[in-house]
file structure-v7.txt (compact mmCIF, C-alpha atoms)
# COMPACT_ATOMS: atom_id res chain seq x y z
CA MET A 270 15.73 11.53 -0.92
CA THR A 271 13.73 8.99 -2.88
CA ALA A 272 10.95 6.94 -1.35
CA SER A 273 9.00 3.86 -2.39
CA ALA A 274 6.08 1.91 -1.01
CA PRO A 275 3.81 -0.99 -1.86
CA ARG A 276 0.76 0.35 -3.63
CA TYR A 277 -1.59 -0.16 -0.69
CA MET A 278 0.48 2.27 1.40
CA ALA A 279 0.51 4.83 -1.39
CA ARG A 280 -3.29 4.61 -1.19
CA PHE A 281 -3.50 4.75 2.60
CA ARG A 282 -5.35 7.59 4.29
CA CYS A 283 -6.33 7.48 7.95
CA ILE A 284 -10.12 7.13 8.29
CA ALA A 285 -9.96 8.53 11.84
CA GLU A 286 -13.26 8.38 13.70
CA ALA A 287 -14.73 5.99 11.10
CA CYS A 288 -12.21 3.29 12.08
CA GLU A 289 -13.51 0.22 13.90
CA ASP A 290 -10.48 0.30 16.19
CA THR A 291 -8.11 3.02 17.36
CA CYS A 292 -4.33 3.09 17.27
CA CYS A 293 -4.53 5.25 20.41
CA ALA A 294 -5.16 2.29 22.71
CA GLY A 295 -3.21 -0.54 24.22
CA LEU A 296 0.27 0.79 23.43
CA THR A 297 2.93 2.56 25.47
CA VAL A 298 3.91 5.64 23.47
CA PRO A 299 7.25 7.40 24.04
CA ILE A 300 7.89 11.02 23.12
CA SER A 301 11.30 12.43 22.26
CA GLU A 302 12.87 15.34 24.10
CA SER A 303 12.54 17.57 21.02
CA ARG A 304 8.82 16.82 20.41
CA TRP A 305 8.07 17.15 24.12
CA SER A 306 9.79 20.54 24.20
CA LEU A 307 7.87 21.71 21.11
CA LEU A 308 4.58 20.56 22.64
CA ARG A 309 5.27 22.43 25.88
CA GLN A 310 5.97 25.58 23.86
CA LYS A 311 2.72 25.20 21.90
CA VAL A 312 0.50 24.69 24.96
CA ALA A 313 2.14 27.36 27.13
CA GLY A 314 -0.50 29.71 28.47
CA THR A 315 -3.40 27.54 27.26
CA PRO A 316 -5.76 25.30 29.26
CA ASP A 317 -3.77 22.33 27.94
CA GLU A 318 -0.57 23.39 29.69
CA ALA A 319 -1.54 21.70 32.95
CA ARG A 320 -2.83 18.59 31.15
CA VAL A 321 0.40 18.10 29.24
CA ALA A 322 2.42 18.57 32.42
CA ALA A 323 0.29 16.01 34.26
CA LEU A 324 -0.20 13.43 31.52
CA ILE A 325 3.29 13.17 30.04
CA GLN A 326 5.86 11.91 32.49
CA PRO A 327 9.60 11.26 32.28
CA ASN A 328 10.42 7.70 31.26
CA PRO A 329 10.68 5.73 34.54
CA ASP A 330 13.58 3.76 33.05
CA GLY A 331 15.58 6.98 32.91
CA ALA A 332 15.79 6.95 29.11
CA THR A 333 16.50 10.18 27.26
CA GLY A 334 16.50 11.23 23.61
CA GLN A 335 13.81 9.43 21.60
CA GLN A 336 12.38 7.72 24.71
CA ALA A 337 12.50 10.68 27.11
CA GLY A 338 8.82 10.77 28.06
CA LEU A 339 5.76 8.53 28.07
CA LEU A 340 2.20 9.55 27.21
CA GLY A 341 -0.30 8.80 29.95
CA LYS A 342 -3.21 6.38 29.54
CA ARG A 343 -6.78 6.34 30.76
CA ALA A 344 -8.04 3.50 32.91
CA ASP A 345 -9.35 1.74 29.78
CA GLY A 346 -5.89 1.76 28.18
CA HIS A 347 -6.64 4.53 25.69
CA CYS A 348 -4.33 7.51 25.30
CA ALA A 349 -5.19 10.28 27.73
CA PHE A 350 -5.31 12.78 24.85
CA LEU A 351 -7.89 10.86 22.79
CA ASP A 352 -11.16 12.81 22.62
CA GLU A 353 -14.78 11.69 22.45
CA ALA A 354 -14.71 11.63 18.63
CA LYS A 355 -11.78 9.13 18.63
CA LEU A 356 -9.43 11.88 17.47
CA CYS A 357 -6.23 13.22 19.01
CA SER A 358 -6.98 16.40 20.90
CA LEU A 359 -3.36 17.55 20.62
CA GLN A 360 -3.21 17.17 16.84
CA ARG A 361 -6.61 18.83 16.45
CA ARG A 362 -5.46 21.93 18.33
CA TYR A 363 -1.72 22.20 17.66
CA GLY A 364 -1.01 20.26 14.47
CA GLU A 365 0.83 17.11 13.47
CA ALA A 366 4.24 18.55 14.37
CA VAL A 367 3.69 18.15 18.12
CA LEU A 368 2.92 14.43 17.91
CA PRO A 369 5.43 11.81 19.05
CA ASP A 370 7.14 10.08 16.13
CA GLY A 371 5.20 6.87 16.71
CA CYS A 372 1.84 8.65 16.58
CA SER A 373 2.74 10.64 13.48
CA VAL A 374 4.21 7.79 11.46
CA PHE A 375 1.89 4.86 12.41
CA PRO A 376 0.83 2.70 10.59
CA ARG A 377 3.75 3.53 8.32
CA VAL A 378 6.99 1.62 8.92
CA LEU A 379 10.00 3.43 7.48
CA THR A 380 13.21 1.65 6.57
CA ARG A 381 16.27 3.13 4.89
CA TRP A 382 18.07 0.82 2.46
CA GLY A 383 21.11 2.85 1.45
CA ALA A 384 19.80 6.14 0.06
CA GLN A 385 16.29 4.76 -0.47
CA VAL A 386 13.57 5.13 2.14
CA GLU A 387 10.91 2.43 1.95
CA MET A 388 7.48 2.79 3.50
CA ALA A 389 5.68 -0.41 4.42
CA GLY A 390 2.66 -0.71 6.69
CA SER A 391 1.64 -2.32 9.94
CA LEU A 392 -1.45 -4.50 9.65
CA ALA A 393 -2.28 -3.49 13.23
CA CYS A 394 -4.29 -0.70 11.56
CA PRO A 395 -7.65 -1.96 10.19
CA GLU A 396 -7.54 0.31 7.15
CA THR A 397 -4.01 -0.77 6.31
CA ALA A 398 -5.02 -4.41 6.69
CA ARG A 399 -8.00 -3.86 4.37
CA LEU A 400 -5.92 -2.20 1.68
CA CYS A 401 -3.12 -4.75 1.93
CA LEU A 402 -5.19 -7.93 1.98
CA LEU A 403 -8.07 -7.19 -0.37
CA ALA A 404 -6.62 -5.42 -3.43
CA GLU A 405 -4.96 -7.73 -5.94
CA ASP A 406 -2.25 -5.18 -6.78
CA ALA A 407 -1.66 -4.10 -3.17
CA LEU A 408 1.98 -5.26 -2.98
CA VAL A 409 3.19 -3.74 -6.24
CA ARG A 410 6.03 -1.43 -5.25
CA GLU A 411 6.21 2.06 -6.71
CA PRO A 412 7.79 5.49 -6.04
CA VAL A 413 5.89 7.81 -3.70
CA PRO A 414 6.26 11.54 -2.98
CA GLU A 415 8.72 12.26 -0.19
CA GLU A 416 6.03 13.89 1.92
CA GLN A 417 4.15 10.60 2.19
CA ALA A 418 7.03 9.21 4.24
CA LEU A 419 6.23 11.94 6.82
CA ARG A 420 9.31 11.76 9.07
CA PRO A 421 12.05 9.99 7.08
CA GLN A 422 14.60 10.97 9.71
CA VAL A 423 13.16 8.27 12.01
CA ALA A 424 13.61 5.49 9.41
CA ARG A 425 15.74 2.64 10.69
CA GLN A 426 18.92 2.01 8.74
CA VAL A 427 19.10 -1.59 7.53
CA ALA A 428 21.56 -2.04 4.70
CA SER A 429 24.60 0.08 5.46
CA GLY A 430 26.85 -2.27 3.48
CA ASP A 431 29.56 -2.12 6.13
CA ASP A 432 29.65 -5.93 6.42
CA ALA A 433 28.71 -8.91 4.29
CA TRP A 434 25.41 -9.44 6.16
CA THR A 435 24.06 -6.01 5.18
CA ALA A 436 25.98 -5.54 1.92
CA HIS A 437 24.14 -8.49 0.36
CA ALA A 438 20.84 -8.05 2.22
CA ASP A 439 18.97 -6.41 -0.64
CA ALA A 440 19.87 -9.23 -3.05
CA VAL A 441 18.69 -11.82 -0.53
CA ARG A 442 15.48 -9.95 0.17
CA GLU A 443 14.67 -9.64 -3.53
CA ALA A 444 15.21 -13.39 -3.91
CA MET A 445 12.78 -13.96 -1.02
CA LEU A 446 10.15 -11.75 -2.66
CA ARG A 447 10.57 -13.48 -6.04
CA LEU A 448 10.20 -16.86 -4.40
CA LEU A 449 7.04 -15.85 -2.55
CA ASN A 450 5.52 -14.65 -5.82
CA ARG A 451 5.98 -18.01 -7.60
CA ARG A 452 2.29 -18.80 -7.78
CA GLU A 453 2.66 -22.03 -9.72
CA VAL A 454 3.24 -23.82 -6.40
CA PRO A 455 1.20 -23.54 -3.17
CA LEU A 456 2.25 -20.93 -0.63
CA ALA A 457 3.24 -23.61 1.88
CA ALA A 458 5.74 -24.97 -0.67
CA ARG A 459 7.13 -21.47 -1.22
CA LEU A 460 7.59 -21.01 2.52
CA PHE A 461 9.25 -24.43 2.70
CA ALA A 462 11.58 -23.31 -0.10
CA LEU A 463 12.37 -20.10 1.80
CA GLY A 464 13.39 -22.20 4.78
CA ARG A 465 15.59 -24.43 2.62
CA MET A 466 17.21 -21.40 1.01
CA ALA A 467 17.94 -19.94 4.45
CA LEU A 468 19.41 -23.25 5.58
CA ASP A 469 21.64 -23.41 2.49
CA LEU A 470 22.95 -19.89 3.16
CA GLY A 471 23.26 -20.23 6.91
CA ASP A 472 26.77 -21.65 7.18
CA PHE A 473 28.41 -18.60 5.57
CA TYR A 474 25.82 -15.78 5.50
CA PHE A 475 24.83 -14.60 8.97
CA PRO A 476 25.02 -11.52 11.27
CA GLY A 477 28.54 -10.56 12.16
CA THR A 478 30.02 -11.74 8.87
CA ALA A 479 32.51 -8.91 8.47
CA SER A 480 33.51 -9.90 4.94
CA PHE A 481 33.17 -12.75 2.49
CA GLY A 482 35.97 -14.88 1.19
CA PRO A 483 36.68 -14.64 -2.55
CA GLU A 484 34.23 -17.44 -3.44
CA ALA A 485 31.36 -16.45 -1.13
CA PRO A 486 29.64 -13.81 -3.32
CA GLU A 487 29.54 -16.27 -6.23
CA ARG A 488 28.22 -18.99 -3.93
CA LEU A 489 25.53 -16.67 -2.60
CA ALA A 490 24.44 -15.72 -6.11
CA ARG A 491 24.42 -19.37 -7.21
CA ILE A 492 22.21 -20.46 -4.30
CA LEU A 493 19.77 -17.59 -4.82
CA ALA A 494 19.57 -18.32 -8.55
CA GLY A 495 18.90 -21.98 -7.79
CA TYR A 496 15.69 -21.05 -6.04
CA ASP A 497 14.50 -19.22 -9.15
CA SER A 498 14.42 -22.59 -10.90
CA ALA A 499 11.03 -24.16 -11.62
CA GLU A 500 12.64 -27.58 -11.26
CA THR A 501 13.88 -26.75 -7.75
CA LEU A 502 10.44 -25.58 -6.67
CA ALA A 503 8.76 -28.67 -8.13
CA THR A 504 11.20 -30.93 -6.28
CA LEU A 505 10.67 -29.12 -2.99
CA ARG A 506 6.91 -29.20 -3.42
CA ALA A 507 7.05 -32.98 -3.94
CA GLN A 508 9.18 -33.35 -0.82
CA LEU A 509 6.74 -31.33 1.24
CA ASP A 510 3.72 -33.20 -0.11
CA ALA A 511 5.35 -36.53 0.77
CA LEU A 512 6.08 -35.44 4.33
CA GLU A 513 3.51 -36.67 6.84
CA LEU A 514 3.38 -34.89 10.19
CA PRO A 515 0.63 -34.80 12.82
CA GLY A 516 -1.30 -31.53 12.99
CA GLY A 517 -1.87 -31.60 16.75
CA PRO A 518 1.46 -29.92 17.61
CA TRP A 519 0.70 -27.09 15.16
CA ALA A 520 -2.73 -26.56 16.72
CA GLY A 521 -1.23 -26.68 20.20
CA ILE A 522 1.35 -24.02 19.33
CA CYS A 523 -1.25 -21.63 17.89
CA ALA A 524 -3.60 -22.08 20.84
CA ALA A 525 -0.76 -21.60 23.36
CA VAL A 526 0.32 -18.33 21.74
CA LEU A 527 -3.19 -16.92 21.97
CA ARG A 528 -3.76 -18.11 25.54
CA SER A 529 -0.62 -16.33 26.67
CA ARG A 530 -1.73 -13.09 25.03
CA GLU A 531 -5.23 -13.28 26.50
CA ALA A 532 -3.67 -13.16 29.95
CA ALA A 533 -1.75 -9.97 29.06
CA VAL A 534 -4.11 -7.95 26.82
CA GLY A 535 -7.03 -5.90 28.11
CA SER A 536 -8.65 -5.02 24.77
CA PRO A 537 -12.33 -6.09 24.81
CA ARG A 538 -12.22 -6.50 21.03
CA PHE A 539 -9.26 -8.87 21.19
CA LEU A 540 -10.61 -10.84 24.13
CA ALA A 541 -14.06 -11.24 22.57
CA LEU A 542 -12.63 -12.60 19.33
CA MET A 543 -10.22 -14.93 21.14
CA GLY A 544 -13.11 -16.27 23.22
CA ASP A 545 -15.13 -16.94 20.07
CA VAL A 546 -12.18 -18.64 18.37
CA ARG A 547 -11.47 -20.87 21.35
CA ALA A 548 -15.14 -21.84 21.61
CA SER A 549 -15.25 -22.67 17.90
CA TYR A 550 -12.49 -25.23 18.40
CA GLY A 551 -14.38 -26.89 21.25
CA GLY A 552 -13.33 -24.80 24.23
CA ALA A 553 -10.40 -24.96 26.62
CA GLU A 554 -10.87 -28.66 27.32
CA THR A 555 -10.45 -29.77 23.71
CA GLY A 556 -7.11 -31.41 22.98
CA PRO A 557 -4.80 -30.29 20.15
CA ASP A 558 -5.51 -33.35 17.99
CA GLU A 559 -9.27 -32.81 18.03
CA ALA A 560 -8.85 -29.06 17.48
CA TRP A 561 -6.61 -29.85 14.51
CA ARG A 562 -9.25 -32.13 12.98
CA LEU A 563 -11.80 -29.31 13.19
CA HIS A 564 -9.33 -26.86 11.71
CA ALA A 565 -8.31 -29.19 8.87
CA ALA A 566 -11.94 -29.83 7.91
CA ARG A 567 -12.64 -26.09 7.81
CA ARG A 568 -9.48 -25.41 5.84
CA SER A 569 -10.50 -27.95 3.21
CA ALA A 570 -14.05 -26.58 3.00
CA LEU A 571 -12.90 -22.97 2.74
CA GLU A 572 -10.36 -23.95 0.11
CA SER A 573 -13.11 -25.39 -2.07
CA LEU A 574 -15.28 -22.27 -1.67
CA HIS A 575 -12.84 -19.36 -1.65
CA GLY A 576 -9.37 -20.83 -2.07
CA GLU A 577 -7.92 -18.11 -4.28
CA ARG A 578 -9.19 -15.35 -2.02
CA VAL A 579 -7.64 -16.92 1.08
CA HIS A 580 -4.38 -17.54 -0.81
CA GLN A 581 -4.26 -13.83 -1.61
CA TYR A 582 -4.63 -12.86 2.07
CA PHE A 583 -1.71 -15.02 3.13
CA LEU A 584 0.52 -14.18 0.18
CA HIS A 585 0.05 -10.47 0.82
CA HIS A 586 0.70 -11.01 4.51
CA ALA A 587 3.96 -12.82 3.70
CA LEU A 588 5.15 -10.25 1.15
CA ASN A 589 4.34 -7.42 3.52
CA HIS A 590 6.13 -9.23 6.33
CA VAL A 591 9.36 -9.34 4.29
CA LEU A 592 9.05 -5.60 3.55
CA ARG A 593 7.91 -4.57 7.02
CA HIS A 594 10.29 -6.76 9.08
CA PRO A 595 13.83 -6.64 7.59
CA PHE A 596 15.38 -10.07 8.04
CA THR A 597 18.65 -8.41 9.06
CA GLU A 598 17.10 -7.75 12.48
CA ALA A 599 16.87 -11.50 13.16
CA GLU A 600 19.59 -13.74 14.53
CA SER A 601 19.73 -15.55 11.19
CA LEU A 602 17.83 -15.68 7.92
CA LEU A 603 16.29 -18.98 9.00
CA ASP A 604 15.04 -17.37 12.23
CA ALA A 605 13.41 -14.61 10.15
CA VAL A 606 11.62 -17.20 7.98
CA PHE A 607 10.55 -19.14 11.07
CA LEU A 608 8.99 -16.00 12.59
CA LEU A 609 7.13 -15.27 9.34
CA VAL A 610 5.65 -18.77 9.26
CA LEU A 611 4.76 -18.72 12.97
CA ARG A 612 2.91 -15.42 12.57
CA ALA A 613 1.07 -16.76 9.52
CA SER A 614 0.12 -19.92 11.45
CA VAL A 615 -1.42 -17.95 14.32
CA VAL A 616 -3.46 -15.82 11.91
CA ARG A 617 -4.59 -18.94 10.01
CA TRP A 618 -5.79 -20.47 13.29
CA VAL A 619 -7.72 -17.31 14.19
CA LEU A 620 -9.25 -16.92 10.73
CA LEU A 621 -10.51 -20.52 10.61
CA GLY A 622 -11.94 -20.11 14.10
CA HIS A 623 -13.58 -16.74 13.40
CA PRO A 624 -17.33 -17.03 13.99
CA ALA A 625 -18.10 -15.36 10.65
CA VAL A 626 -15.99 -17.94 8.81
CA VAL A 627 -17.59 -20.82 10.70
CA ALA A 628 -21.01 -19.41 9.78
CA LEU A 629 -19.96 -18.97 6.16
CA LEU A 630 -19.01 -22.63 5.93
CA ASP A 631 -22.48 -23.53 7.19
CA ALA A 632 -24.05 -21.24 4.56
CA PRO A 633 -21.83 -21.46 1.44
CA GLY A 634 -23.86 -18.84 -0.41
CA THR A 635 -22.66 -16.10 1.95
CA PRO A 636 -21.09 -13.18 0.01
CA VAL A 637 -17.31 -13.09 -0.06
CA ALA A 638 -17.48 -9.68 1.62
CA ALA A 639 -18.23 -11.48 4.89
CA LEU A 640 -15.02 -13.49 4.51
CA ASP A 641 -13.07 -10.32 3.69
CA ALA A 642 -14.35 -8.59 6.84
CA ALA A 643 -13.43 -11.59 8.98
CA ALA A 644 -9.96 -11.71 7.43
CA VAL A 645 -9.32 -8.02 8.05
CA GLU A 646 -10.33 -8.42 11.69
CA ALA A 647 -8.25 -11.59 12.18
CA PHE A 648 -5.07 -10.22 10.62
CA GLN A 649 -5.42 -6.81 12.27
CA VAL A 650 -6.15 -8.05 15.78
CA VAL A 651 -3.26 -10.53 15.67
CA ALA A 652 -0.90 -7.88 14.28
CA LYS A 653 -1.86 -5.41 17.00
CA HIS A 654 -1.94 -7.66 20.04
CA VAL A 655 0.32 -10.62 19.24
CA GLU A 656 2.93 -10.17 16.52
CA GLN A 657 5.11 -7.51 18.15
CA ALA A 658 4.59 -8.44 21.81
CA PRO A 659 7.93 -9.12 23.56
CA THR A 660 6.48 -12.26 25.16
CA PHE A 661 5.50 -13.59 21.73
CA LEU A 662 8.94 -12.84 20.30
CA ASP A 663 10.59 -14.57 23.26
CA PHE A 664 8.30 -17.57 22.73
CA ALA A 665 9.21 -17.64 19.03
CA ARG A 666 12.95 -17.61 19.79
CA GLY A 667 12.59 -20.44 22.28
CA LEU A 668 10.41 -22.47 19.93
CA ALA A 669 12.75 -22.02 16.98
CA GLY A 670 15.82 -23.55 18.58
CA GLU A 671 19.00 -23.34 16.48
CA GLY A 672 20.17 -24.33 12.99
CA PRO A 673 18.85 -27.67 11.68
CA GLU A 674 16.57 -27.87 14.72
CA THR A 675 14.93 -24.61 13.58
CA PHE A 676 14.32 -26.06 10.13
CA ALA A 677 12.75 -29.22 11.58
CA ARG A 678 10.37 -27.12 13.67
CA LEU A 679 9.64 -24.91 10.69
CA LEU A 680 8.34 -28.01 8.89
CA ILE A 681 5.68 -28.49 11.57
CA LEU A 682 4.44 -24.94 11.04
CA VAL A 683 4.55 -25.12 7.24
CA LYS A 684 2.57 -28.36 7.16
CA GLY A 685 -0.07 -26.77 9.39
CA LEU A 686 -0.58 -23.96 6.91

call {"tool": "encode", "arguments": {"input": "structure-v7.txt", "output": "structure tokens"}}
result
Amino acid sequence: MTASAPRYMARFRCIAEACEDTCCAGLTVPISESRWSLLRQKVAGTPDEARVAALIQPNPDGATGQQAGLLGKRADGHCAFLDEAKLCSLQRRYGEAVLPDGCSVFPRVLTRWGAQVEMAGSLACPETARLCLLAEDALVREPVPEEQALRPQVARQVASGDDAWTAHADAVREAMLRLLNRREVPLAARLFALGRMALDLGDFYFPGTASFGPEAPERLARILAGYDSAETLATLRAQLDALELPGGPWAGICAAVLRSREAAVGSPRFLALMGDVRASYGGAETGPDEAWRLHAARRSALESLHGERVHQYFLHHALNHVLRHPFTEAESLLDAVFLLVLRASVVRWVLLGHPAVVALLDAPGTPVAALDAAAVEAFQVVAKHVEQAPTFLDFARGLAGEGPETFARLLILVKGL
């Protein structure tokens, strides 16, 4: 087996008790039948035998295999096996082998493209977010030792090549990554171009395409090559710049996403930040148009102070999104681009409402380290509590609509960025 990873994941090491958050909170963690059986063998005859029996229960949905059991939680939402030092008591005593797959692999996200296993990272981990966002070379991909992939057998299979959708997925993904890296145009223009590329491909390249007609591979290659053209990008940038759309709808969408998650998340860290962000935009009574005006003024001011640094955050977020969330899991390529831009919009809203960023704009001499810390918190908290939530994904699907309607709604999000 060969493995590869963006450079920030090759550098990743869990900082354990030094972490400002814990991955052992707020999540429902399944355990497979095989890991559960191994754990019961390891704890047999020890004081932990009764704890394991009491705190790991069969999945109430009746699932078996990989979802056979569920780890119990404390009243505060933390894993019942988390100790006072913010470490896993099971791993400390019995080793990594007894951990559920999710606990062992996180924040790694393993994907198998043919014979190649790729290891990306979830920004729901603060250390992963730091390494991904702040290092200029973080998204350079390189080979990694097999052992860094930990449990490659749990990698999801993406590109089997059994149909046209997966057979050409790697070529499409590489075109997406090249387009995102075209730094001669603003990121919003690159995201707009991604949407246009997806729209151009959408009438013949989609899930369920069992095979292409004789002209389709050449057409696919021609469209992808067209978006490598500097002239194409310049034209699309001019089109986007000429487009005038109100920002209120964008602000309303971002605020609505966060309000819905506040009602469902119990994390004090998340709720405190969301309260600060909402207050910074004028509170719950402020309308979307006024909130947008505040946001736009801050965006302009931050651009003049630390534009390149902020561009790096969002470029790395987008590149990592393409690696971490295979577009083949979406209902269409355009839906995958829409979800990327929606996630970026929500993070942008949180970052520009972060109290440290608001304070920085009032005191322009503040060191850039304060902005970096705010960015890490904003991206990490949104990744952990918003991006993967089923309610958020349902909202995104409903907001996206279908086909040309999706592209029209994508424009609202891109202009907000």

call {"tool": "closest_residue", "arguments": {"input": "structure-v7.txt", "among": "A:His575, A:Arg280, A:Arg567, A:Arg442", "to": "Pro414 of chain A", "atoms": "all atoms listed in the file"}}
result
A:Arg280

call {"tool": "closest_residue", "arguments": {"input": "structure-v7.txt", "among": "A:Pro636, A:Pro369, A:Pro275, A:Gly551", "to": "Gly390 of chain A", "atoms": "all atoms listed in the file"}}
result
A:Pro275

call {"tool": "closest_residue", "arguments": {"input": "structure-v7.txt", "among": "A:Trp519, A:Phe664, A:Phe596, A:Tyr277", "to": "His437 of chain A", "atoms": "all atoms listed in the file"}}
result
A:Phe596

call {"tool": "closest_atom_pairs", "arguments": {"input": "structure-v7.txt", "of": "segment 564-638 of chain A", "to": "segment 520-535 of chain A", "cutoff": "12 Å", "atoms": "only C-alpha atoms", "output": "Markdown table"}}
result
| residue | atom | partner | partner_atom | distance |
| --- | --- | --- | --- | --- |
| A:His564 | CA | A:Ala520 | CA | 8.3 |
| A:Ala565 | CA | A:Ala520 | CA | 10.0 |
| A:Val610 | CA | A:Cys523 | CA | 11.4 |
| A:Leu611 | CA | A:Cys523 | CA | 8.3 |
| A:Arg612 | CA | A:Cys523 | CA | 9.2 |
| A:Ala613 | CA | A:Cys523 | CA | 10.0 |
| A:Ser614 | CA | A:Cys523 | CA | 6.8 |
| A:Val615 | CA | A:Cys523 | CA | 5.1 |
| A:Val616 | CA | A:Cys523 | CA | 8.6 |
| A:Arg617 | CA | A:Cys523 | CA | 9.0 |
| A:Trp618 | CA | A:Cys523 | CA | 6.6 |
| A:Val619 | CA | A:Cys523 | CA | 8.6 |
| A:Leu620 | CA | A:Cys523 | CA | 11.7 |
| A:Leu621 | CA | A:Ala520 | CA | 11.6 |
| A:Gly622 | CA | A:Ala524 | CA | 10.9 |

call {"tool": "closest_residue", "arguments": {"input": "structure-v7.txt", "among": "A:Arg343, A:His654, A:Arg320, A:Arg465", "to": "Leu680 of chain A", "atoms": "only C-alpha atoms"}}
result
A:Arg465

call {"tool": "residues_around", "arguments": {"input": "structure-v7.txt", "residues": "Leu400 of chain A", "least_positions_apart": "6", "cutoff": "12 Å", "atoms": "all atoms listed in the file", "output": "number ranges by chain"}}
result
A: 275-283, 390-392, 394, 406-408, 582, 585-586, 589, 641-642, 644-645, 649

call {"tool": "write_last_selection", "arguments": {"input": "structure-v7.txt", "atoms": "C-alpha atoms", "output": "PDB file, keeping the file's coordinate frame"}}
result
ATOM      1  CA  PRO A 275       3.810  -0.990  -1.860  1.00  0.00           C
ATOM      2  CA  ARG A 276       0.760   0.350  -3.630  1.00  0.00           C
ATOM      3  CA  TYR A 277      -1.590  -0.160  -0.690  1.00  0.00           C
ATOM      4  CA  MET A 278       0.480   2.270   1.400  1.00  0.00           C
ATOM      5  CA  ALA A 279       0.510   4.830  -1.390  1.00  0.00           C
ATOM      6  CA  ARG A 280      -3.290   4.610  -1.190  1.00  0.00           C
ATOM      7  CA  PHE A 281      -3.500   4.750   2.600  1.00  0.00           C
ATOM      8  CA  ARG A 282      -5.350   7.590   4.290  1.00  0.00           C
ATOM      9  CA  CYS A 283      -6.330   7.480   7.950  1.00  0.00           C
ATOM     10  CA  GLY A 390       2.660  -0.710   6.690  1.00  0.00           C
ATOM     11  CA  SER A 391       1.640  -2.320   9.940  1.00  0.00           C
ATOM     12  CA  LEU A 392      -1.450  -4.500   9.650  1.00  0.00           C
ATOM     13  CA  CYS A 394      -4.290  -0.700  11.560  1.00  0.00           C
ATOM     14  CA  ASP A 406      -2.250  -5.180  -6.780  1.00  0.00           C
ATOM     15  CA  ALA A 407      -1.660  -4.100  -3.170  1.00  0.00           C
ATOM     16  CA  LEU A 408       1.980  -5.260  -2.980  1.00  0.00           C
ATOM     17  CA  TYR A 582      -4.630 -12.860   2.070  1.00  0.00           C
ATOM     18  CA  HIS A 585       0.050 -10.470   0.820  1.00  0.00           C
ATOM     19  CA  HIS A 586       0.700 -11.010   4.510  1.00  0.00           C
ATOM     20  CA  ASN A 589       4.340  -7.420   3.520  1.00  0.00           C
ATOM     21  CA  ASP A 641     -13.070 -10.320   3.690  1.00  0.00           C
ATOM     22  CA  ALA A 642     -14.350  -8.590   6.840  1.00  0.00           C
ATOM     23  CA  ALA A 644      -9.960 -11.710   7.430  1.00  0.00           C
ATOM     24  CA  VAL A 645      -9.320  -8.020   8.050  1.00  0.00           C
ATOM     25  CA  GLN A 649      -5.420  -6.810  12.270  1.00  0.00           C
TER      26      GLN A 649
END

call {"tool": "closest_residue", "arguments": {"input": "structure-v7.txt", "among": "A:Tyr474, A:Tyr496, A:Trp305, A:Trp434", "to": "Arg459 of chain A", "atoms": "only C-alpha atoms"}}
result
A:Tyr496

call {"tool": "axis_aligned_box", "arguments": {"input": "structure-v7.txt", "around": "segment 391-410 of chain A", "padding_each_side": "8 Å", "output": "JSON"}}
result
{"center_x": -1.0, "center_y": -3.8, "center_z": 3.2, "size_x": 30.1, "size_y": 24.2, "size_z": 36.0}

call {"tool": "atom_distance", "arguments": {"input": "structure-v7.txt", "atom1": "atom CA of Pro329 of chain A", "atom2": "atom CA of Ser358 of chain A"}}
result
24.7 Å

call {"tool": "atom_distance", "arguments": {"input": "structure-v7.txt", "atom1": "atom CA of Leu446 of chain A", "atom2": "atom CA of Asp663 of chain A"}}
result
26.1 Å

call {"tool": "residues_around", "arguments": {"input": "structure-v7.txt", "residues": "Ser303 of chain A", "least_positions_apart": "4", "cutoff": "9 Å", "atoms": "only C-alpha atoms", "output": "list in words"}}
result
Leu307, Leu308, Gly334 and Gln335 of chain A

call {"tool": "closest_residue", "arguments": {"input": "structure-v7.txt", "among": "A:Gln426, A:Ser549, A:Ser536, A:Ser273", "to": "Val651 of chain A", "atoms": "only C-alpha atoms"}}
result
A:Ser536
